[in-house]
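The next block holds one structure in the form of structure tokens; read it before the comments.
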Amino acid sequence: GENVEQHPSTLSVQEGDSAVIKCTYSDSASNYFPWYKQELGKGPQLIIDIRSNVGEKKDQRIAVTLNKTAKHFSLHITETQPEDSAVYFCAPGGSNYKLTFGKGTLLTVNP
Amino acid sequence: NAGVMQNPRHLVRRRGQEARLRCSPMKGHSHVYWYRQLPEEGLKFMVYLQKENIIDESGMPKERFSAEFPKEGPSILRIQQVVRGDSAAYFCASSPGQGGAYEQYFGPGTRLTVT
């Protein structure tokens with residue numbers, strides 16, 4: 001099965017700084033690469049995704065980059081704000097539509 | 001447009017009782033997925049259903065767990081004879097299918113506590 005690892009497991013930044021979270025996966029058949037944000041007591045919220053025919057995608061302050069050869073993709077958040085504080089999960093998916101979640105990264109943005 | 005709805009939000013059961021978790025997908029979505037989240041961990045896939053069909057149940061425990069998505073009404077995840085190890089948050093997600101199948105939108109979850 002798919003083996004997914006996220007780094008770092010915790011990340012603390014000052015408001016206004018950038019944050020980068022990396023996700024590595026093992027299944028070369030994976031072709032869908034989303035990032036989810038989960039706040040305490042809530043369900044995961046899809047914040048950005050990329051498909052295997054694209055290398056980078058940006059949506060305002062967040063971006064995702066994909067290196068399919070190296071089997072990793074990253075979440076980039078610029079100009080971080082306190083409301084960005086949450087747990088972030090990568091969850092690569094393959095042809096069977098099943099998402100395999102990483103263990104999460106706790107991001108803390110200090111005002 | 002209402003999102004994915006789950007109920008109840010919190011459920012307490014004694015060991016040996018049955019737990020029934022309900023999920024109503026987003027309007028227009030025909031694919032439903034169930035995931036389980038243990039404390040401090042990511043979500044683990046359990047089952048993928050379309051209307052009246054189980055597509056992939058490779059993540060479901062072999063005993064006591066079952067899921068359905070009938071033609072009418074919500075999807076149901078049923079856990080019979082619950083044990084303490086079943087305590088977790090259970091999340092349902094839905095997707096539109098047909099090209100958008102990967103985009104899974106999650107509900108708020110049901111937090112099951114087994115006493």
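The chains in the structure tokens are called A, B, ... from first to last as shown; in each chain the residues are counted from 1, and the ligands are counted from 1 in the order shown.
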**OP:** Find the residues in chain B near chain A: any atom within 12 Å counts, using only C-alpha atoms. Write them as JSON, numbers by chain.
**Re:** {"B": [3, 4, 5, 6, 9, 10, 31, 32, 33, 34, 35, 36, 37, 38, 39, 40, 41, 42, 43, 44, 45, 46, 47, 48, 49, 55, 56, 57, 58, 59, 89, 90, 91, 92, 93, 94, 95, 96, 97, 98, 99, 100, 101, 102, 103, 104, 105, 106, 107, 108, 109, 110, 111]}
Region 67-73 of chain A surroundings by only C-alpha atoms, 10 Å radius, close-in-sequence under 5 positions cut, as a compact mmCIF listing (two decimals) with C-alpha atoms, in the first residue's frame:
# COMPACT_ATOMS: atom_id res chain seq x y z
CA VAL A 4 3.00 8.66 3.17
CA GLU A 5 5.27 10.78 5.33
CA GLN A 6 4.97 14.44 6.26
CA ILE A 21 5.35 21.43 4.63
CA LYS A 22 6.66 18.50 2.62
CA CYS A 23 4.96 15.21 1.85
CA THR A 24 6.65 12.13 0.40
CA TYR A 25 4.78 9.13 -0.95
CA SER A 26 5.73 5.71 -2.25
CA ASP A 27 3.10 4.71 -4.82
CA SER A 28 4.15 5.75 -8.31
CA SER A 30 -0.60 8.24 -7.29
CA ASN A 31 -1.95 10.99 -9.52
CA PHE A 33 -2.23 15.41 -4.50
CA PRO A 34 -4.42 17.40 -2.09
CA TRP A 35 -3.73 19.28 1.11
CA ILE A 50 -2.86 19.34 -7.82
CA SER A 52 -0.01 14.81 -11.83
CA ASN A 53 0.08 16.68 -15.12
CA VAL A 54 0.80 20.00 -13.37
CA GLY A 55 3.95 21.00 -11.45
CA GLU A 56 2.67 23.94 -9.44
CA CYS A 90 -1.37 15.67 2.73
CA PRO A 92 -2.22 11.50 -2.09
**OP:** Please identify all polymer residues within 10 Å of region 12-17 of chain B, counting only C-alpha atoms, omitting same-chain residues fewer than 4 positions from it, and present them as a list in words.
**Re:**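 Non-adjacent residues within range: Ile79, Gln80, Gln81, Val82, Val83, Arg84, Gly85, Asp86, Ser87, Arg111, Leu112, Thr113, Val114 and Thr115 of chain B.
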For the residues in that selection, give me all heavy atoms as a compact mmCIF listing (two decimals), in the first residue's frame.
# COMPACT_ATOMS: atom_id res chain seq x y z
N ILE B 79 -21.59 -0.05 13.60
CA ILE B 79 -20.60 -0.80 14.38
C ILE B 79 -21.35 -1.61 15.43
O ILE B 79 -22.02 -1.04 16.31
CB ILE B 79 -19.58 0.12 15.08
CG1 ILE B 79 -19.00 1.15 14.10
CG2 ILE B 79 -18.44 -0.72 15.68
CD1 ILE B 79 -18.13 2.21 14.77
N GLN B 80 -21.29 -2.91 15.32
CA GLN B 80 -21.99 -3.77 16.26
C GLN B 80 -21.06 -4.15 17.42
O GLN B 80 -19.84 -4.24 17.24
CB GLN B 80 -22.49 -5.03 15.55
CG GLN B 80 -23.53 -4.72 14.47
CD GLN B 80 -23.98 -5.97 13.73
OE1 GLN B 80 -23.18 -6.62 13.09
NE2 GLN B 80 -25.26 -6.28 13.83
N GLN B 81 -21.65 -4.36 18.57
CA GLN B 81 -20.92 -4.83 19.76
C GLN B 81 -19.64 -4.01 19.96
O GLN B 81 -18.53 -4.55 19.96
CB GLN B 81 -20.59 -6.32 19.61
CG GLN B 81 -21.84 -7.18 19.49
CD GLN B 81 -21.52 -8.65 19.23
OE1 GLN B 81 -20.53 -8.97 18.59
NE2 GLN B 81 -22.37 -9.52 19.74
N VAL B 82 -19.80 -2.72 20.13
CA VAL B 82 -18.64 -1.82 20.21
C VAL B 82 -17.71 -2.20 21.36
O VAL B 82 -18.14 -2.71 22.41
CB VAL B 82 -19.07 -0.34 20.34
CG1 VAL B 82 -19.83 0.11 19.10
CG2 VAL B 82 -19.88 -0.10 21.60
N VAL B 83 -16.42 -1.93 21.13
CA VAL B 83 -15.37 -2.13 22.13
C VAL B 83 -14.65 -0.80 22.32
O VAL B 83 -14.80 0.12 21.51
CB VAL B 83 -14.38 -3.24 21.71
CG1 VAL B 83 -15.11 -4.57 21.51
CG2 VAL B 83 -13.63 -2.85 20.45
N ARG B 84 -13.85 -0.70 23.40
CA ARG B 84 -13.19 0.56 23.72
C ARG B 84 -12.31 1.04 22.56
O ARG B 84 -12.19 2.23 22.31
CB ARG B 84 -12.32 0.40 24.98
CG ARG B 84 -13.16 0.29 26.25
CD ARG B 84 -12.82 1.39 27.22
NE ARG B 84 -13.73 1.35 28.36
CZ ARG B 84 -13.48 0.72 29.49
NH1 ARG B 84 -12.34 0.05 29.64
NH2 ARG B 84 -14.36 0.76 30.47
N GLY B 85 -11.71 0.10 21.85
CA GLY B 85 -10.83 0.46 20.74
C GLY B 85 -11.55 1.11 19.57
O GLY B 85 -10.89 1.64 18.66
N ASP B 86 -12.89 1.07 19.57
CA ASP B 86 -13.65 1.72 18.50
C ASP B 86 -13.80 3.22 18.75
O ASP B 86 -14.25 3.96 17.86
CB ASP B 86 -15.05 1.11 18.39
CG ASP B 86 -15.01 -0.36 18.00
OD1 ASP B 86 -14.05 -0.77 17.32
OD2 ASP B 86 -15.95 -1.10 18.37
N SER B 87 -13.42 3.68 19.93
CA SER B 87 -13.51 5.11 20.24
C SER B 87 -12.61 5.89 19.29
O SER B 87 -11.39 5.64 19.22
CB SER B 87 -13.08 5.37 21.70
OG SER B 87 -13.98 4.77 22.61
N ARG B 111 -17.93 11.89 16.83
CA ARG B 111 -16.97 11.44 17.83
C ARG B 111 -17.62 10.37 18.69
O ARG B 111 -18.53 10.67 19.46
CB ARG B 111 -16.46 12.62 18.65
CG ARG B 111 -15.37 13.36 17.89
CD ARG B 111 -15.34 14.86 18.11
NE ARG B 111 -14.37 15.48 17.22
CZ ARG B 111 -14.64 15.86 15.96
NH1 ARG B 111 -15.85 15.72 15.47
NH2 ARG B 111 -13.70 16.41 15.21
N LEU B 112 -17.15 9.15 18.54
CA LEU B 112 -17.70 8.00 19.25
C LEU B 112 -16.84 7.72 20.47
O LEU B 112 -15.62 7.60 20.37
CB LEU B 112 -17.71 6.77 18.34
CG LEU B 112 -18.07 5.44 19.00
CD1 LEU B 112 -19.53 5.47 19.49
CD2 LEU B 112 -17.86 4.28 18.04
N THR B 113 -17.50 7.64 21.60
CA THR B 113 -16.84 7.26 22.85
C THR B 113 -17.48 5.99 23.37
O THR B 113 -18.71 5.95 23.54
CB THR B 113 -16.96 8.37 23.91
OG1 THR B 113 -16.40 9.59 23.39
CG2 THR B 113 -16.21 7.99 25.18
N VAL B 114 -16.68 4.98 23.61
CA VAL B 114 -17.17 3.72 24.14
C VAL B 114 -16.73 3.61 25.60
O VAL B 114 -15.54 3.68 25.91
CB VAL B 114 -16.64 2.52 23.33
CG1 VAL B 114 -17.17 1.20 23.93
CG2 VAL B 114 -17.06 2.64 21.88
N THR B 115 -17.70 3.48 26.47
CA THR B 115 -17.38 3.43 27.91
C THR B 115 -17.46 1.99 28.44
O THR B 115 -18.00 1.10 27.77
CB THR B 115 -18.35 4.30 28.71
OG1 THR B 115 -19.69 3.80 28.53
CG2 THR B 115 -18.30 5.74 28.22
Subject >> Which residue of A:Ala63, A:Ile47, A:Ala86, A:Val109 approaches Val13 (chain A) most closely, using only C-alpha atoms >> reply: A:Val109
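In this comparison, which uses only C-alpha atoms, the residue of A:Ile77, A:Ala29, A:Leu40, A:Leu11 approaching Thr65 (chain A) most closely is A:Ile77.
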Original post:
What are the DSSP strand (DSSP E) residues of region 3-69 of chain A, as a PyMOL selection string?
Top reply: chain A and resi 4-7+10-14+19-25+32-38+45-51+56-59+62-67
Deliver the residues from the most recent selection as a file, using N, CA and C atoms, as a CSV table (one decimal), in the first residue's frame.
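Resulting contents of out29.csv:
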chain,number,residue,atom,x,y,z
A,4,VAL,N,3.0,7.2,3.2
A,4,VAL,CA,3.0,8.7,3.2
A,4,VAL,C,3.7,9.2,4.4
A,5,GLU,N,4.6,10.1,4.2
A,5,GLU,CA,5.3,10.8,5.3
A,5,GLU,C,5.2,12.3,5.2
A,6,GLN,N,5.0,13.0,6.3
A,6,GLN,CA,5.0,14.4,6.3
A,6,GLN,C,6.1,15.0,7.2
A,7,HIS,N,6.7,16.1,6.7
A,7,HIS,CA,7.7,16.7,7.6
A,7,HIS,C,7.5,18.3,7.4
A,10,THR,N,5.7,19.3,13.5
A,10,THR,CA,5.3,20.6,14.1
A,10,THR,C,6.1,21.7,13.5
A,11,LEU,N,5.4,22.9,13.3
A,11,LEU,CA,6.1,24.0,12.7
A,11,LEU,C,5.5,25.3,13.4
A,12,SER,N,6.4,26.1,13.9
A,12,SER,CA,6.0,27.3,14.5
A,12,SER,C,6.7,28.5,13.8
A,13,VAL,N,5.9,29.5,13.4
A,13,VAL,CA,6.4,30.6,12.6
A,13,VAL,C,5.8,31.9,13.2
A,14,GLN,N,6.5,33.0,12.9
A,14,GLN,CA,6.0,34.3,13.3
A,14,GLN,C,5.0,34.8,12.2
A,19,ALA,N,5.6,29.4,5.5
A,19,ALA,CA,5.6,28.1,6.0
A,19,ALA,C,5.6,27.1,4.9
A,20,VAL,N,6.4,26.0,5.0
A,20,VAL,CA,6.5,25.0,4.0
A,20,VAL,C,6.4,23.6,4.6
A,21,ILE,N,5.5,22.8,4.1
A,21,ILE,CA,5.3,21.4,4.6
A,21,ILE,C,5.6,20.5,3.5
A,22,LYS,N,6.3,19.4,3.7
A,22,LYS,CA,6.7,18.5,2.6
A,22,LYS,C,6.0,17.1,2.9
A,23,CYS,N,5.6,16.5,1.8
A,23,CYS,CA,5.0,15.2,1.8
A,23,CYS,C,5.6,14.3,0.8
A,24,THR,N,6.1,13.1,1.3
A,24,THR,CA,6.7,12.1,0.4
A,24,THR,C,5.7,10.9,0.4
A,25,TYR,N,5.7,10.3,-0.8
A,25,TYR,CA,4.8,9.1,-1.0
A,25,TYR,C,5.5,8.0,-1.7
A,32,TYR,N,-3.1,12.2,-7.8
A,32,TYR,CA,-3.9,13.3,-7.2
A,32,TYR,C,-3.3,13.7,-5.9
A,33,PHE,N,-3.0,15.0,-5.7
A,33,PHE,CA,-2.2,15.4,-4.5
A,33,PHE,C,-2.9,16.6,-3.8
A,34,PRO,N,-3.7,16.3,-2.8
A,34,PRO,CA,-4.4,17.4,-2.1
A,34,PRO,C,-3.8,17.7,-0.7
A,35,TRP,N,-4.1,18.9,-0.3
A,35,TRP,CA,-3.7,19.3,1.1
A,35,TRP,C,-5.0,19.7,1.8
A,36,TYR,N,-5.1,19.2,3.1
A,36,TYR,CA,-6.3,19.5,3.9
A,36,TYR,C,-5.8,20.2,5.2
A,37,LYS,N,-6.7,21.1,5.6
A,37,LYS,CA,-6.5,21.8,6.9
A,37,LYS,C,-7.6,21.4,7.9
A,38,GLN,N,-7.1,21.0,9.1
A,38,GLN,CA,-8.1,20.6,10.1
A,38,GLN,C,-7.9,21.4,11.3
A,45,GLN,N,-10.6,20.2,5.8
A,45,GLN,CA,-11.1,21.1,4.8
A,45,GLN,C,-10.1,21.1,3.6
A,46,LEU,N,-10.6,20.8,2.4
A,46,LEU,CA,-9.7,20.8,1.2
A,46,LEU,C,-9.3,22.2,0.9
A,47,ILE,N,-8.0,22.5,0.9
A,47,ILE,CA,-7.5,23.9,0.7
A,47,ILE,C,-6.8,24.1,-0.7
A,48,ILE,N,-6.2,23.0,-1.2
A,48,ILE,CA,-5.6,23.1,-2.5
A,48,ILE,C,-5.3,21.7,-3.0
A,49,ASP,N,-5.3,21.5,-4.3
A,49,ASP,CA,-4.9,20.2,-4.8
A,49,ASP,C,-4.3,20.3,-6.1
A,50,ILE,N,-3.6,19.3,-6.5
A,50,ILE,CA,-2.9,19.3,-7.8
A,50,ILE,C,-2.9,18.0,-8.4
A,51,ARG,N,-3.0,17.9,-9.7
A,51,ARG,CA,-3.0,16.6,-10.4
A,51,ARG,C,-1.7,16.4,-11.1
A,56,GLU,N,2.9,23.0,-10.5
A,56,GLU,CA,2.7,23.9,-9.4
A,56,GLU,C,1.3,24.5,-9.6
A,57,LYS,N,0.7,24.9,-8.5
A,57,LYS,CA,-0.6,25.5,-8.5
A,57,LYS,C,-0.7,26.5,-7.4
A,58,LYS,N,-1.2,27.7,-7.6
A,58,LYS,CA,-1.3,28.7,-6.6
A,58,LYS,C,-2.7,29.2,-6.4
A,59,ASP,N,-3.0,29.6,-5.2
A,59,ASP,CA,-4.3,30.2,-4.9
A,59,ASP,C,-4.1,31.2,-3.8
A,62,ILE,N,-1.6,30.5,-0.8
A,62,ILE,CA,-1.1,29.1,-0.7
A,62,ILE,C,-0.8,28.6,-2.0
A,63,ALA,N,0.2,27.6,-2.1
A,63,ALA,CA,0.6,27.0,-3.3
A,63,ALA,C,1.0,25.6,-3.0
A,64,VAL,N,0.9,24.8,-4.0
A,64,VAL,CA,1.4,23.4,-3.9
A,64,VAL,C,2.3,23.1,-5.1
A,65,THR,N,3.4,22.5,-4.8
A,65,THR,CA,4.4,22.1,-5.9
A,65,THR,C,4.6,20.6,-5.9
A,66,LEU,N,4.7,20.0,-7.0
A,66,LEU,CA,4.8,18.6,-7.2
A,66,LEU,C,6.1,18.2,-7.9
A,67,ASN,N,6.8,17.2,-7.3
A,67,ASN,CA,7.9,16.6,-8.0
A,67,ASN,C,7.6,15.1,-8.1
